[in-house]
Amino acid sequence: MSQTLSPLPALSPALADSPFLRACRREPNDVTPVWLMRQAGRYMQEYRDIRAKVSFLELCKSPELATEVTVYAQERLGVDAAILFADILLILEPIGFNLEFAKGEGPVIHNPVRESQDVDRVRAFDDKSTLGYVFDAVSSIRRALKPNIPLIGFAGAPFTLACYAIEGGGSRHYEKAKAFMYRDPGAWDVLMSRLVDATIVYLNAQAEAGAQCLQLFDSWVGTLGPDDYRQFVQPHMKRLIAGLHKGVPCIHFGTDTSTLLELQRDAGGDVIGLDWRVDFAQSWDRLGHDVAVQGNLDPVVLFAPEAEIRARARKVLDQAAGRPGHIFNLGHGILPQTPVDHVLALVDEVHSYRPAAR
Ligand code: CP3
């Protein structure tokens with residue numbers, strides 16, 4: 001499926017020159033840019049106050065509230081980018097899945113794909129207005145953010161979405177999804193292709209509404225070995241990333257991907273996400289320095305004393321050695337019990353750091 005792209009809003013000089021977008025393009029920066037996955041979330045009292053009044057899906061579906069939590073988190077933390085408040089699973093609704101965020105249970109899909117023929121009911125994402133609330137949130141957040149703060153849009157990568165679509169919720173071993181994949185590679189390819197088609201339209205529309213960068217969350221892809229990644233995932237990721245607006249940097253993120261990094265890089269992305277299980281310097285060497293990297297502090301380090309958080313942040317920064325193209329982040333999202341003060345100390349440490357090499 002080839003898509004005619006609508007034009008992007010012009011990139012202002014303040015945004016184009018922001019440390020975050022400079023790092024995406026591997027241009028030198030005086031200070032390493034930092035943002036944190038799940039920076040707007042339950043570890044913040046102000047977020048919990050809003051969630052006491054509305055459900056998670058209501059929050060996602062209200063552009064006004066999504067703007068409030070997104071912009072609040074960016075300003076409170078003083079981070080170098082904002083991320084759209086939404087969820088990777090929202091795209092599943094308009095293509096035919098009944099999605100619920102059950103209290104204390106996480107996401108539930110009431111009509112998962114289980115048999116090969118179930119793939120036939122996965123619809124095309126041909127009416128963008130069904131996710132109009134996301135695009136409205138993007139343009140409203142863009143208007144509300146300071147003019148030099150980039151906004152990151154995002155989507156789930158097709159493997160991670162397929163896991164949810166087949167399992168019907170979270171899973172430890174993804175046995176239903178992987179058994180489906182092994183049993184009927186043809187039906188798997190159809191499912192992945194439909195998810196890719198929908199995601200291309202979805203992400204391009206976020207960029208057209210005002211997102212300056214797009215992140216693909218392949219959070220669960222680390223459950224696959226390299227051969228399976230190559231066969232069942234990589235061709236789909238290649239087509240997806242090739243279908244995105246050029247000139248809008250793409251962050252390709254996964255966890256538990258130490259055996260997959262080169263394959264992910266070859267699938268595409270301007271920035272590759274690293275989790276904390278890998279050595280930062282070694283991984284960047286493996287990837288090659290012609291790609292930018294994002295990461296990779298263990299989110300659990302934020303539960304340690306402040307001095308330890310600062311020391312460990314410096315360790316990551318020392319490994320980056322001032323090389324252009326590093327975006328500081330955690331290796332995965334902030335956990336709900338994280339003390340806000342510790343997050344502020346981390347951001348301060350990253351911003352205070354000056355590498356010897358620069
Ligand atoms: O990073 C951000 O601040 C942007 C917002 C964001 C959320 N989810 C908000 C959210 C992003 C980027 C996501 C992505 C997402 N959602 C992923 C990929 C990233 C990752 O963590 O690996 C996944 C796997 C999901 C699916 C999902 N959404 C799960 C498994 C859960 C439950 C998790 C839990 O801890 O309860 C959610 C809910 C969710 N998404 C919350 C938030 C802030 C918590 C909901 C609440 O307020 O109760």
# chains A, B, ... in the order shown; residues from 1 in each chain; ligands from 1
>>> residues_around(residues="A:Glu167", least_positions_apart="4", cutoff="7 Å", atoms="only C-alpha atoms", output="ChimeraX atom specification")
/A:112,163,171,174,176-177
>>> residues_near_ligand(ligand="ligand 1", cutoff="9 Å", atoms="only C-alpha atoms and all ligand atoms", output="number ranges by chain")
A: 36-42, 47-48, 51, 55-57, 59-60, 69-70, 73, 82-89, 101, 103-107, 153-157, 160-161, 164, 169-170, 215-220, 253-255, 332-336
>>> select_by_dssp(residues="stretch 170-227 of chain A", states="strand (DSSP E or B)", output="list in words")
Cys213, Leu214, Gln215, Leu216, Phe217 and Asp218 of chain A
>>> write_last_selection(atoms="all heavy atoms", output="CSV table (one decimal), in the first residue's frame")
chain,number,residue,atom,x,y,z
A,213,CYS,N,8.9,14.2,16.0
A,213,CYS,CA,9.7,13.0,16.1
A,213,CYS,C,8.7,11.9,16.3
A,213,CYS,O,7.6,12.2,16.9
A,213,CYS,CB,10.7,13.1,17.2
A,213,CYS,SG,11.6,11.6,17.6
A,214,LEU,N,9.0,10.7,15.9
A,214,LEU,CA,8.1,9.6,16.1
A,214,LEU,C,8.8,8.4,16.7
A,214,LEU,O,9.9,8.0,16.2
A,214,LEU,CB,7.5,9.1,14.7
A,214,LEU,CG,6.7,10.2,14.0
A,214,LEU,CD1,6.4,9.8,12.5
A,214,LEU,CD2,5.4,10.5,14.7
A,215,GLN,N,8.3,7.8,17.8
A,215,GLN,CA,8.9,6.7,18.4
A,215,GLN,C,8.1,5.4,18.2
A,215,GLN,O,6.9,5.5,18.4
A,215,GLN,CB,9.2,6.9,19.9
A,215,GLN,CG,9.7,5.7,20.6
A,215,GLN,CD,10.5,5.9,21.9
A,215,GLN,OE1,11.1,7.0,22.0
A,215,GLN,NE2,10.5,5.0,22.8
A,216,LEU,N,8.7,4.4,17.8
A,216,LEU,CA,8.0,3.1,17.7
A,216,LEU,C,8.4,2.2,18.9
A,216,LEU,O,9.6,2.0,19.2
A,216,LEU,CB,8.5,2.3,16.4
A,216,LEU,CG,7.8,2.8,15.2
A,216,LEU,CD1,8.6,2.4,13.9
A,216,LEU,CD2,6.4,2.3,15.1
A,217,PHE,N,7.4,1.8,19.7
A,217,PHE,CA,7.7,1.0,20.9
A,217,PHE,C,7.5,-0.5,20.5
A,217,PHE,O,6.4,-1.0,20.3
A,217,PHE,CB,6.6,1.3,22.0
A,217,PHE,CG,6.9,2.6,22.7
A,217,PHE,CD1,6.3,3.8,22.2
A,217,PHE,CD2,7.7,2.7,23.8
A,217,PHE,CE1,6.5,5.0,22.9
A,217,PHE,CE2,7.9,3.9,24.5
A,217,PHE,CZ,7.3,5.0,24.0
A,218,ASP,N,8.7,-1.2,20.4
A,218,ASP,CA,8.6,-2.6,20.2
A,218,ASP,C,9.0,-3.3,21.6
A,218,ASP,O,10.0,-4.0,21.7
A,218,ASP,CB,9.5,-3.1,19.1
A,218,ASP,CG,8.8,-4.3,18.4
A,218,ASP,OD1,7.8,-4.8,18.9
A,218,ASP,OD2,9.3,-4.7,17.3
>>> select_by_dssp(residues="stretch 54-223 of chain A", states="alpha helix (DSSP H)", output="VMD selection string")
chain A and resid 56 to 61 63 to 77 132 to 144 158 to 167 175 to 183 185 to 209
>>> write_last_selection(atoms="C-alpha atoms", output="PDB file, in the first residue's frame")
ATOM      1  CA  PHE A  56      -7.306   6.152  31.710  1.00  0.00           C
ATOM      2  CA  LEU A  57      -9.165   5.883  28.376  1.00  0.00           C
ATOM      3  CA  GLU A  58     -11.175   9.035  29.120  1.00  0.00           C
ATOM      4  CA  LEU A  59      -7.901  10.816  29.769  1.00  0.00           C
ATOM      5  CA  CYS A  60      -6.439   9.580  26.474  1.00  0.00           C
ATOM      6  CA  LYS A  61      -9.606  10.626  24.626  1.00  0.00           C
ATOM      7  CA  PRO A  63      -7.308  16.379  24.038  1.00  0.00           C
ATOM      8  CA  GLU A  64      -7.609  18.990  26.772  1.00  0.00           C
ATOM      9  CA  LEU A  65      -6.565  16.659  29.617  1.00  0.00           C
ATOM     10  CA  ALA A  66      -3.947  14.911  27.463  1.00  0.00           C
ATOM     11  CA  THR A  67      -2.456  18.342  26.785  1.00  0.00           C
ATOM     12  CA  GLU A  68      -2.472  19.212  30.460  1.00  0.00           C
ATOM     13  CA  VAL A  69      -0.631  16.065  31.595  1.00  0.00           C
ATOM     14  CA  THR A  70       1.848  16.113  28.700  1.00  0.00           C
ATOM     15  CA  VAL A  71       2.851  19.744  29.106  1.00  0.00           C
ATOM     16  CA  TYR A  72       2.845  19.579  32.897  1.00  0.00           C
ATOM     17  CA  ALA A  73       5.304  16.670  32.941  1.00  0.00           C
ATOM     18  CA  GLN A  74       7.665  18.338  30.469  1.00  0.00           C
ATOM     19  CA  GLU A  75       7.706  21.613  32.396  1.00  0.00           C
ATOM     20  CA  ARG A  76       7.874  20.091  35.877  1.00  0.00           C
ATOM     21  CA  LEU A  77      10.872  17.941  34.947  1.00  0.00           C
ATOM     22  CA  GLY A 132      -9.243  12.342  15.771  1.00  0.00           C
ATOM     23  CA  TYR A 133      -8.797  12.856  19.510  1.00  0.00           C
ATOM     24  CA  VAL A 134      -5.130  11.822  19.195  1.00  0.00           C
ATOM     25  CA  PHE A 135      -4.432  14.248  16.351  1.00  0.00           C
ATOM     26  CA  ASP A 136      -6.344  16.988  18.190  1.00  0.00           C
ATOM     27  CA  ALA A 137      -4.189  16.304  21.257  1.00  0.00           C
ATOM     28  CA  VAL A 138      -1.021  16.550  19.144  1.00  0.00           C
ATOM     29  CA  SER A 139      -1.945  19.945  17.724  1.00  0.00           C
ATOM     30  CA  SER A 140      -3.172  21.224  21.074  1.00  0.00           C
ATOM     31  CA  ILE A 141       0.027  20.059  22.837  1.00  0.00           C
ATOM     32  CA  ARG A 142       2.144  21.624  20.088  1.00  0.00           C
ATOM     33  CA  ARG A 143       0.389  24.967  20.660  1.00  0.00           C
ATOM     34  CA  ALA A 144       0.799  24.699  24.449  1.00  0.00           C
ATOM     35  CA  PRO A 158       3.506  -4.308  14.891  1.00  0.00           C
ATOM     36  CA  PHE A 159       5.041  -7.232  16.808  1.00  0.00           C
ATOM     37  CA  THR A 160       4.146  -5.715  20.175  1.00  0.00           C
ATOM     38  CA  LEU A 161       0.649  -4.817  18.945  1.00  0.00           C
ATOM     39  CA  ALA A 162       0.184  -8.324  17.512  1.00  0.00           C
ATOM     40  CA  CYS A 163       1.134  -9.781  20.907  1.00  0.00           C
ATOM     41  CA  TYR A 164      -1.685  -7.807  22.527  1.00  0.00           C
ATOM     42  CA  ALA A 165      -4.116  -8.561  19.697  1.00  0.00           C
ATOM     43  CA  ILE A 166      -3.506 -12.318  20.013  1.00  0.00           C
ATOM     44  CA  GLU A 167      -2.894 -12.723  23.744  1.00  0.00           C
ATOM     45  CA  GLU A 175       2.877 -18.341  23.908  1.00  0.00           C
ATOM     46  CA  LYS A 176      -0.391 -17.663  22.070  1.00  0.00           C
ATOM     47  CA  ALA A 177       1.169 -15.013  19.824  1.00  0.00           C
ATOM     48  CA  LYS A 178       4.295 -17.013  19.072  1.00  0.00           C
ATOM     49  CA  ALA A 179       2.387 -20.268  18.539  1.00  0.00           C
ATOM     50  CA  PHE A 180       0.154 -18.406  16.050  1.00  0.00           C
ATOM     51  CA  MET A 181       3.256 -17.122  14.271  1.00  0.00           C
ATOM     52  CA  TYR A 182       4.891 -20.593  14.086  1.00  0.00           C
ATOM     53  CA  ARG A 183       1.647 -22.356  13.134  1.00  0.00           C
ATOM     54  CA  PRO A 185       3.210 -17.743   9.041  1.00  0.00           C
ATOM     55  CA  GLY A 186       0.881 -16.689   6.207  1.00  0.00           C
ATOM     56  CA  ALA A 187      -1.866 -15.471   8.541  1.00  0.00           C
ATOM     57  CA  TRP A 188       0.820 -13.866  10.727  1.00  0.00           C
ATOM     58  CA  ASP A 189       2.104 -11.899   7.731  1.00  0.00           C
ATOM     59  CA  VAL A 190      -1.422 -10.717   6.898  1.00  0.00           C
ATOM     60  CA  LEU A 191      -1.961  -9.568  10.491  1.00  0.00           C
ATOM     61  CA  MET A 192       1.418  -7.809  10.624  1.00  0.00           C
ATOM     62  CA  SER A 193       0.789  -6.176   7.229  1.00  0.00           C
ATOM     63  CA  ARG A 194      -2.549  -4.772   8.396  1.00  0.00           C
ATOM     64  CA  LEU A 195      -0.947  -3.421  11.550  1.00  0.00           C
ATOM     65  CA  VAL A 196       1.829  -1.833   9.486  1.00  0.00           C
ATOM     66  CA  ASP A 197      -0.646  -0.218   7.068  1.00  0.00           C
ATOM     67  CA  ALA A 198      -2.630   1.244   9.976  1.00  0.00           C
ATOM     68  CA  THR A 199       0.492   2.428  11.805  1.00  0.00           C
ATOM     69  CA  ILE A 200       1.913   4.228   8.765  1.00  0.00           C
ATOM     70  CA  VAL A 201      -1.287   6.249   8.405  1.00  0.00           C
ATOM     71  CA  TYR A 202      -1.485   6.839  12.156  1.00  0.00           C
ATOM     72  CA  LEU A 203       2.109   8.049  12.618  1.00  0.00           C
ATOM     73  CA  ASN A 204       2.150  10.211   9.507  1.00  0.00           C
ATOM     74  CA  ALA A 205      -1.049  11.893  10.693  1.00  0.00           C
ATOM     75  CA  GLN A 206       0.615  12.601  14.071  1.00  0.00           C
ATOM     76  CA  ALA A 207       3.545  14.246  12.261  1.00  0.00           C
ATOM     77  CA  GLU A 208       1.139  16.255  10.105  1.00  0.00           C
ATOM     78  CA  ALA A 209      -0.729  17.389  13.245  1.00  0.00           C
TER      79      ALA A 209
END
>>> residues_around(residues="A:Arg123", least_positions_apart="2", cutoff="10 Å", atoms="only C-alpha atoms", output="VMD selection string")
chain A and resid 92 to 97 119 to 121 125 to 126 194 to 195 198
>>> write_last_selection(atoms="all heavy atoms", output="mmCIF file, in the first residue's frame")
data_model
loop_
_atom_site.group_PDB
_atom_site.id
_atom_site.type_symbol
_atom_site.label_atom_id
_atom_site.label_comp_id
_atom_site.auth_asym_id
_atom_site.auth_seq_id
_atom_site.Cartn_x
_atom_site.Cartn_y
_atom_site.Cartn_z
ATOM 1 N N LEU A 92 -5.803 -0.068 18.116
ATOM 2 C CA LEU A 92 -6.508 -1.343 17.949
ATOM 3 C C LEU A 92 -8.025 -1.146 17.889
ATOM 4 O O LEU A 92 -8.725 -1.941 17.258
ATOM 5 C CB LEU A 92 -6.139 -2.319 19.072
ATOM 6 C CG LEU A 92 -4.672 -2.800 19.083
ATOM 7 C CD1 LEU A 92 -4.435 -3.763 20.243
ATOM 8 C CD2 LEU A 92 -4.286 -3.469 17.755
ATOM 9 N N GLU A 93 -8.531 -0.086 18.512
ATOM 10 C CA GLU A 93 -10.001 0.114 18.522
ATOM 11 C C GLU A 93 -10.579 0.299 17.116
ATOM 12 O O GLU A 93 -11.468 -0.455 16.720
ATOM 13 C CB GLU A 93 -10.375 1.296 19.424
ATOM 14 C CG GLU A 93 -10.417 0.931 20.893
ATOM 15 C CD GLU A 93 -11.058 1.999 21.781
ATOM 16 O OE1 GLU A 93 -10.930 3.200 21.475
ATOM 17 O OE2 GLU A 93 -11.690 1.627 22.774
ATOM 18 N N PRO A 94 -10.081 1.293 16.339
ATOM 19 C CA PRO A 94 -10.711 1.500 15.028
ATOM 20 C C PRO A 94 -10.481 0.361 14.041
ATOM 21 O O PRO A 94 -11.201 0.275 13.045
ATOM 22 C CB PRO A 94 -10.062 2.800 14.525
ATOM 23 C CG PRO A 94 -8.817 2.964 15.309
ATOM 24 C CD PRO A 94 -9.078 2.322 16.646
ATOM 25 N N ILE A 95 -9.529 -0.522 14.311
ATOM 26 C CA ILE A 95 -9.340 -1.635 13.363
ATOM 27 C C ILE A 95 -10.058 -2.901 13.845
ATOM 28 O O ILE A 95 -9.872 -3.970 13.274
ATOM 29 C CB ILE A 95 -7.850 -1.881 13.023
ATOM 30 C CG1 ILE A 95 -7.054 -2.346 14.236
ATOM 31 C CG2 ILE A 95 -7.221 -0.614 12.416
ATOM 32 C CD1 ILE A 95 -5.609 -2.733 13.884
ATOM 33 N N GLY A 96 -10.874 -2.757 14.899
ATOM 34 C CA GLY A 96 -11.806 -3.850 15.199
ATOM 35 C C GLY A 96 -11.674 -4.548 16.541
ATOM 36 O O GLY A 96 -12.345 -5.548 16.777
ATOM 37 N N PHE A 97 -10.839 -4.032 17.438
ATOM 38 C CA PHE A 97 -10.687 -4.696 18.733
ATOM 39 C C PHE A 97 -11.422 -3.925 19.828
ATOM 40 O O PHE A 97 -11.447 -2.687 19.824
ATOM 41 C CB PHE A 97 -9.204 -4.820 19.099
ATOM 42 C CG PHE A 97 -8.448 -5.731 18.168
ATOM 43 C CD1 PHE A 97 -7.808 -5.230 17.042
ATOM 44 C CD2 PHE A 97 -8.405 -7.100 18.407
ATOM 45 C CE1 PHE A 97 -7.117 -6.065 16.170
ATOM 46 C CE2 PHE A 97 -7.715 -7.952 17.551
ATOM 47 C CZ PHE A 97 -7.075 -7.441 16.424
ATOM 48 N N VAL A 119 -8.048 -13.164 11.488
ATOM 49 C CA VAL A 119 -7.289 -12.055 10.898
ATOM 50 C C VAL A 119 -8.158 -11.290 9.886
ATOM 51 O O VAL A 119 -8.000 -10.082 9.702
ATOM 52 C CB VAL A 119 -5.993 -12.591 10.236
ATOM 53 C CG1 VAL A 119 -5.299 -11.530 9.410
ATOM 54 C CG2 VAL A 119 -5.046 -13.117 11.309
ATOM 55 N N ASP A 120 -9.114 -12.021 9.270
ATOM 56 C CA ASP A 120 -9.977 -11.377 8.269
ATOM 57 C C ASP A 120 -10.805 -10.232 8.847
ATOM 58 O O ASP A 120 -11.235 -9.351 8.120
ATOM 59 C CB ASP A 120 -10.950 -12.407 7.656
ATOM 60 C CG ASP A 120 -10.201 -13.468 6.884
ATOM 61 O OD1 ASP A 120 -9.052 -13.195 6.473
ATOM 62 O OD2 ASP A 120 -10.753 -14.578 6.715
ATOM 63 N N ARG A 121 -11.061 -10.265 10.151
ATOM 64 C CA ARG A 121 -11.889 -9.182 10.699
ATOM 65 C C ARG A 121 -11.063 -7.971 11.162
ATOM 66 O O ARG A 121 -11.613 -7.007 11.685
ATOM 67 C CB ARG A 121 -12.816 -9.703 11.801
ATOM 68 C CG ARG A 121 -12.128 -10.266 13.015
ATOM 69 C CD ARG A 121 -13.141 -10.591 14.115
ATOM 70 N NE ARG A 121 -12.621 -11.524 15.088
ATOM 71 C CZ ARG A 121 -11.800 -11.195 16.084
ATOM 72 N NH1 ARG A 121 -11.406 -9.949 16.237
ATOM 73 N NH2 ARG A 121 -11.369 -12.114 16.931
ATOM 74 N N PHE A 125 -7.381 0.980 8.687
ATOM 75 C CA PHE A 125 -7.573 2.257 9.404
ATOM 76 C C PHE A 125 -7.841 3.323 8.338
ATOM 77 O O PHE A 125 -6.974 4.098 7.987
ATOM 78 C CB PHE A 125 -6.314 2.559 10.217
ATOM 79 C CG PHE A 125 -6.356 3.866 10.968
ATOM 80 C CD1 PHE A 125 -7.467 4.234 11.713
ATOM 81 C CD2 PHE A 125 -5.266 4.722 10.938
ATOM 82 C CE1 PHE A 125 -7.499 5.431 12.403
ATOM 83 C CE2 PHE A 125 -5.282 5.927 11.629
ATOM 84 C CZ PHE A 125 -6.403 6.285 12.362
ATOM 85 N N ASP A 126 -9.075 3.300 7.800
ATOM 86 C CA ASP A 126 -9.317 4.198 6.661
ATOM 87 C C ASP A 126 -10.124 5.429 7.040
ATOM 88 O O ASP A 126 -10.358 6.290 6.205
ATOM 89 C CB ASP A 126 -9.937 3.439 5.476
ATOM 90 C CG ASP A 126 -11.067 2.530 5.915
ATOM 91 O OD1 ASP A 126 -11.564 2.715 7.050
ATOM 92 O OD2 ASP A 126 -11.431 1.625 5.141
ATOM 93 N N ARG A 194 -1.434 -5.695 8.074
ATOM 94 C CA ARG A 194 -2.549 -4.772 8.396
ATOM 95 C C ARG A 194 -2.146 -3.811 9.503
ATOM 96 O O ARG A 194 -2.506 -2.632 9.468
ATOM 97 C CB ARG A 194 -3.796 -5.570 8.777
ATOM 98 C CG ARG A 194 -4.308 -6.303 7.560
ATOM 99 C CD ARG A 194 -5.679 -6.892 7.698
ATOM 100 N NE ARG A 194 -5.948 -7.590 6.426
ATOM 101 C CZ ARG A 194 -6.987 -8.360 6.188
ATOM 102 N NH1 ARG A 194 -7.906 -8.525 7.113
ATOM 103 N NH2 ARG A 194 -7.124 -8.945 5.013
ATOM 104 N N LEU A 195 -1.407 -4.308 10.469
ATOM 105 C CA LEU A 195 -0.947 -3.421 11.550
ATOM 106 C C LEU A 195 0.024 -2.372 11.000
ATOM 107 O O LEU A 195 -0.023 -1.200 11.389
ATOM 108 C CB LEU A 195 -0.300 -4.239 12.678
ATOM 109 C CG LEU A 195 -1.262 -5.151 13.450
ATOM 110 C CD1 LEU A 195 -0.500 -6.110 14.363
ATOM 111 C CD2 LEU A 195 -2.267 -4.324 14.267
ATOM 112 N N ALA A 198 -1.931 0.336 9.057
ATOM 113 C CA ALA A 198 -2.630 1.244 9.976
ATOM 114 C C ALA A 198 -1.633 2.180 10.655
ATOM 115 O O ALA A 198 -1.883 3.381 10.807
ATOM 116 C CB ALA A 198 -3.394 0.432 11.027
#
>>> atom_distance(atom1="atom CA of A:Ala320", atom2="atom CA of A:Thr257")
19.1 Å
>>> atom_distance(atom1="atom CA of A:Leu151", atom2="atom CA of A:Ala211")
5.0 Å
>>> atom_distance(atom1="atom CA of A:Leu317", atom2="atom CA of A:Asn329")
10.8 Å
>>> closest_residue(among="A:Lys128, A:His110, A:Arg265, A:Arg314", to="A:Gln234", atoms="only C-alpha atoms")
A:Arg265
>>> residues_around(residues="A:Ser352", least_positions_apart="4", cutoff="10 Å", atoms="only C-alpha atoms", output="PyMOL selection string")
chain A and resi 31-32+314+346-348
>>> closest_residue(among="A:Gly225, A:Pro305, A:Pro355, A:Pro7", to="A:Gln319", atoms="only C-alpha atoms")
A:Pro355
>>> closest_residue(among="A:Ala14, A:Val300, A:Ile152, A:Val316", to="A:Val248", atoms="only C-alpha atoms")
A:Ile152
>>> closest_residue(among="A:Val293, A:Pro150, A:Gly269, A:Asp227", to="A:Pro13", atoms="only C-alpha atoms")
A:Pro150
>>> residues_around(residues="A:His326", least_positions_apart="4", cutoff="12 Å", atoms="only C-alpha atoms", output="PyMOL selection string")
chain A and resi 19-35+251+270-274+280-281+284+289-296+316-322+350
>>> write_last_selection(atoms="C-alpha atoms", output="PDB file, in the first residue's frame")
ATOM      1  CA  PRO A  19      19.215  19.785  21.534  1.00  0.00           C
ATOM      2  CA  PHE A  20      16.795  16.876  21.145  1.00  0.00           C
ATOM      3  CA  LEU A  21      16.355  17.220  17.372  1.00  0.00           C
ATOM      4  CA  ARG A  22      20.058  18.003  16.928  1.00  0.00           C
ATOM      5  CA  ALA A  23      20.846  14.707  18.689  1.00  0.00           C
ATOM      6  CA  CYS A  24      18.360  12.858  16.449  1.00  0.00           C
ATOM      7  CA  ARG A  25      20.370  14.193  13.494  1.00  0.00           C
ATOM      8  CA  ARG A  26      23.695  13.388  15.250  1.00  0.00           C
ATOM      9  CA  GLU A  27      24.720  17.019  15.404  1.00  0.00           C
ATOM     10  CA  PRO A  28      26.932  18.197  18.295  1.00  0.00           C
ATOM     11  CA  ASN A  29      25.301  19.639  21.414  1.00  0.00           C
ATOM     12  CA  ASP A  30      26.661  21.499  24.432  1.00  0.00           C
ATOM     13  CA  VAL A  31      24.338  19.537  26.682  1.00  0.00           C
ATOM     14  CA  THR A  32      22.967  16.008  26.271  1.00  0.00           C
ATOM     15  CA  PRO A  33      19.193  16.142  25.810  1.00  0.00           C
ATOM     16  CA  VAL A  34      17.090  14.027  28.161  1.00  0.00           C
ATOM     17  CA  TRP A  35      13.465  12.912  28.351  1.00  0.00           C
ATOM     18  CA  ILE A 251      13.226   6.382  17.314  1.00  0.00           C
ATOM     19  CA  ASP A 270      17.376   7.424  13.066  1.00  0.00           C
ATOM     20  CA  VAL A 271      17.752   6.592  16.751  1.00  0.00           C
ATOM     21  CA  ILE A 272      17.964   3.119  18.311  1.00  0.00           C
ATOM     22  CA  GLY A 273      16.679   2.651  21.867  1.00  0.00           C
ATOM     23  CA  LEU A 274      18.894   0.711  24.290  1.00  0.00           C
ATOM     24  CA  PHE A 280      26.031   1.374  26.338  1.00  0.00           C
ATOM     25  CA  ALA A 281      29.425   1.922  24.673  1.00  0.00           C
ATOM     26  CA  TRP A 284      26.810   1.877  20.136  1.00  0.00           C
ATOM     27  CA  HIS A 289      28.190   5.620  15.044  1.00  0.00           C
ATOM     28  CA  ASP A 290      26.194   6.570  11.983  1.00  0.00           C
ATOM     29  CA  VAL A 291      23.028   6.006  13.984  1.00  0.00           C
ATOM     30  CA  ALA A 292      21.943   7.889  17.115  1.00  0.00           C
ATOM     31  CA  VAL A 293      21.126   6.081  20.363  1.00  0.00           C
ATOM     32  CA  GLN A 294      18.704   6.634  23.223  1.00  0.00           C
ATOM     33  CA  GLY A 295      19.078   5.271  26.730  1.00  0.00           C
ATOM     34  CA  ASN A 296      19.887   3.510  28.899  1.00  0.00           C
ATOM     35  CA  VAL A 316      26.159   6.372  30.923  1.00  0.00           C
ATOM     36  CA  LEU A 317      27.241   9.853  29.845  1.00  0.00           C
ATOM     37  CA  ASP A 318      30.932   8.910  30.145  1.00  0.00           C
ATOM     38  CA  GLN A 319      30.292   5.993  27.813  1.00  0.00           C
ATOM     39  CA  ALA A 320      28.654   8.297  25.282  1.00  0.00           C
ATOM     40  CA  ALA A 321      31.835  10.401  25.596  1.00  0.00           C
ATOM     41  CA  GLY A 322      30.240  13.502  24.127  1.00  0.00           C
ATOM     42  CA  VAL A 350      22.378  15.056  32.783  1.00  0.00           C
TER      43      VAL A 350
END
